[in-house]
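Below: the structure, in structure tokens.
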Amino acid sequence: KPDLLLSQLASSLPHDFQNVGRLGVTDAMADLAAEVKRRLDHQVLDGEAVFVVVRDLARFRELRKADGDFGFSFGGGDKKAGPADNFATILRDGPAVGIHTLVWCDSLTNLMRTFERGALKEFELRVLFQMSASDSSQLVDSPLASKLGPQRALFIHEETGTFEKFRPYAFPSAEWLAGVSTSLRARPQGTKVDRARAERPAEGTAEPEKEEFNFGFGGGDGEFNFTKFLDDPPAPGGADGATPSDGA
């Protein structure tokens, strides 16, 4: 089961690691959004790297863009940033301060329920599996993904315009994972340091229009965690990738 495999990574990796399901999405987004803002405000460019992994984007309706939202508020002041707002900002501002997002989504339809078209440009690295020529063209301006066939995927590097066909990896065996874990733990891990806790904006406080916040999950004690979104298992044979495309 992919969800069980991902849970096992917590004991296999020598990093802070936190699994966040749907019930924890709102708080987790707010925490990491505040950390992104802190790093931006204090120009922290050498902060600890944080990787936010969203498995099965369609499951997280909290991250979807709001339809017909005109920004009205009944409590005075501007509308408070929600999970979807924080998600969009992390994608935009997070990489510059060491907070990176990897997304897996099952279809273009579900992808577009979450992201505005312009937000897709924030994903520089993409992986596409077999899909229609129309969907492929919308995602990467090329119908190449429609010609992949089974057990093949297409890697795209937006900046260089690179298109590379490859065979996706299978899920690792327990033995292989144990070996990698041993190797990782043998490396120098550095010295842990106390980090300032990023405070969320108070209830009812308006978020600056120019400072929307990034998507991610953080702990409540100042430790920033390598995070996984887990609910339903994806189909076997998926590939890791930083992409908001089908099967990435």
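Lettering and numbering for the structure tokens are positional, with chains as A, B, ... in the shown order, residues counted from 1 in each chain, and ligands counted from 1 in the shown order.
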Open item on the list: Quick check for you: according to DSSP on this backbone, which residues of range 49-160 of chain A are classed as helix (DSSP H, G or I)? Reply as a PyMOL selection string.
Closed with: chain A and resi 57-59+61-63+83-93+95-97+108-114+117-122+133-140+144-147
Would you list the contacts of range 148-160 of chain A as a tab-separated table (two decimals) with N, CA and C atoms, in the first residue's frame, taking every protein, DNA or RNA residue within 8 Å and counting only C-alpha atoms, but skipping same-chain residues closer than 3 positions in sequence?
chain	number	residue	atom	x	y	z
A	124	GLU	N	8.36	24.32	-12.48
A	124	GLU	CA	9.38	24.30	-13.52
A	124	GLU	C	9.68	22.88	-14.00
A	125	LEU	N	9.58	21.91	-13.10
A	125	LEU	CA	9.84	20.51	-13.43
A	125	LEU	C	8.52	19.75	-13.44
A	126	ARG	N	8.23	19.05	-14.53
A	126	ARG	CA	6.95	18.36	-14.66
A	126	ARG	C	7.16	16.94	-15.18
A	127	VAL	N	6.26	16.06	-14.79
A	127	VAL	CA	6.24	14.69	-15.30
A	127	VAL	C	4.83	14.38	-15.77
A	128	LEU	N	4.70	13.93	-17.01
A	128	LEU	CA	3.40	13.59	-17.58
A	128	LEU	C	3.35	12.11	-17.91
A	129	PHE	N	2.23	11.48	-17.58
A	129	PHE	CA	1.97	10.12	-18.02
A	129	PHE	C	1.06	10.18	-19.25
A	130	GLN	N	0.62	9.03	-19.71
A	130	GLN	CA	-0.26	8.97	-20.88
A	130	GLN	C	-1.51	9.81	-20.66
A	140	VAL	N	1.88	21.37	-21.45
A	140	VAL	CA	3.27	21.62	-21.84
A	140	VAL	C	3.41	22.10	-23.28
A	144	LEU	N	3.04	15.46	-27.04
A	144	LEU	CA	3.91	14.29	-26.89
A	144	LEU	C	3.41	13.27	-25.88
A	145	ALA	N	2.77	13.71	-24.79
A	145	ALA	CA	2.33	12.77	-23.76
A	145	ALA	C	1.24	11.83	-24.26
A	163	PHE	N	12.56	17.84	-23.11
A	163	PHE	CA	11.55	16.79	-23.05
A	163	PHE	C	12.28	15.45	-23.05
A	164	GLU	N	12.08	14.63	-22.01
A	164	GLU	CA	12.80	13.35	-21.93
A	164	GLU	C	11.83	12.23	-21.56
A	165	LYS	N	11.78	11.21	-22.37
A	165	LYS	CA	10.92	10.04	-22.12
A	165	LYS	C	11.67	9.08	-21.20
A	166	PHE	N	10.96	8.48	-20.21
A	166	PHE	CA	11.62	7.57	-19.29
A	166	PHE	C	10.63	6.56	-18.73
A	167	ARG	N	11.16	5.53	-18.08
A	167	ARG	CA	10.32	4.54	-17.39
A	167	ARG	C	10.23	4.92	-15.92
A	168	PRO	N	9.03	5.10	-15.40
A	168	PRO	CA	8.89	5.47	-13.98
A	168	PRO	C	9.40	4.38	-13.06
A	237	GLY	N	3.45	2.03	-9.25
A	237	GLY	CA	4.33	2.38	-10.36
A	237	GLY	C	4.40	3.86	-10.61
If you count only C-alpha atoms, which residues fall within 10 Å of Ser11 in chain A, apart from same-chain ones fewer than 4 positions away, as a tab-separated table (two decimals) with all heavy atoms, in the first residue's frame?
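Resulting contents of result.tsv:
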chain	number	residue	atom	x	y	z
A	7	SER	N	4.26	6.33	5.01
A	7	SER	CA	4.32	6.46	6.46
A	7	SER	C	5.63	5.90	7.02
A	7	SER	O	6.18	6.41	7.99
A	7	SER	CB	3.13	5.75	7.12
A	7	SER	OG	1.92	6.33	6.72
A	15	HIS	N	15.46	12.94	8.88
A	15	HIS	CA	14.96	14.31	8.82
A	15	HIS	C	13.68	14.43	9.63
A	15	HIS	O	13.02	13.43	9.93
A	15	HIS	CB	14.65	14.71	7.37
A	15	HIS	CG	15.74	14.40	6.40
A	15	HIS	ND1	15.79	13.22	5.69
A	15	HIS	CD2	16.83	15.12	6.03
A	15	HIS	CE1	16.87	13.22	4.92
A	15	HIS	NE2	17.51	14.36	5.10
A	16	ASP	N	13.33	15.65	9.98
A	16	ASP	CA	12.00	15.89	10.56
A	16	ASP	C	10.98	15.54	9.50
A	16	ASP	O	11.13	15.88	8.33
A	16	ASP	CB	11.84	17.35	10.97
A	16	ASP	CG	12.77	17.73	12.11
A	16	ASP	OD1	13.04	16.87	12.95
A	16	ASP	OD2	13.22	18.89	12.14
A	17	PHE	N	9.92	14.86	9.91
A	17	PHE	CA	8.96	14.32	8.94
A	17	PHE	C	7.59	14.34	9.58
A	17	PHE	O	7.41	13.87	10.71
A	17	PHE	CB	9.37	12.88	8.61
A	17	PHE	CG	8.59	12.24	7.50
A	17	PHE	CD1	9.18	12.02	6.26
A	17	PHE	CD2	7.28	11.81	7.68
A	17	PHE	CE1	8.48	11.40	5.23
A	17	PHE	CE2	6.57	11.20	6.66
A	17	PHE	CZ	7.18	10.99	5.43
A	178	ALA	N	15.82	0.13	3.48
A	178	ALA	CA	16.68	0.00	4.67
A	178	ALA	C	18.12	0.36	4.33
A	178	ALA	O	18.82	1.01	5.12
A	178	ALA	CB	16.59	-1.42	5.23
A	181	SER	N	18.38	4.09	3.93
A	181	SER	CA	18.28	4.72	5.24
A	181	SER	C	19.61	4.67	5.98
A	181	SER	O	20.05	5.65	6.58
A	181	SER	CB	17.20	4.02	6.06
A	181	SER	OG	17.14	4.55	7.38
Neighbour list for range 88-97 of chain A as a PyMOL selection string, cut-off 10 Å, only C-alpha atoms, skip fewer than 4 positions in-chain: chain A and resi 29+32-33+35-40+43-52+63-65+83-84+101-102+114-116+119-123+210-216
Using only C-alpha atoms, the best pick from A:Ala10, A:Val54, A:Leu108, A:Ala170 as closest to Ala133 in chain A would be A:Leu108
Residue nearest Asp27 in chain A - candidates A:Gly161, A:Gly98, A:Pro172, A:Gly82, atoms counted: only C-alpha atoms:
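Of all the options, A:Gly82 lies closest to Asp27 in chain A.
One distance worth recording is that between CA of Thr162 in chain A and CA of Arg113 in chain A, which is 27.0 Å.
Taking CA of Leu9 in chain A and CA of Cys105 in chain A as the two end points, the separation is 20.9 Å.
Taking CA of Ala81 in chain A as the reference point, CA of Thr109 in chain A is found at 24.5 Å.
The strand (DSSP E) portion of range 39-192 of chain A consists of A:Val50, A:Phe51, A:Val52, A:Val53, A:Val54, A:Arg55, A:Ile99, A:His100, A:Thr101, A:Leu102, A:Val103, A:Trp104, A:Leu125, A:Arg126, A:Val127, A:Leu128, A:Ala153, A:Leu154, A:Phe155, A:Ile156, A:His157, A:Thr162, A:Phe163, A:Glu164, A:Lys165, A:Phe166, with states taken from DSSP on the backbone.
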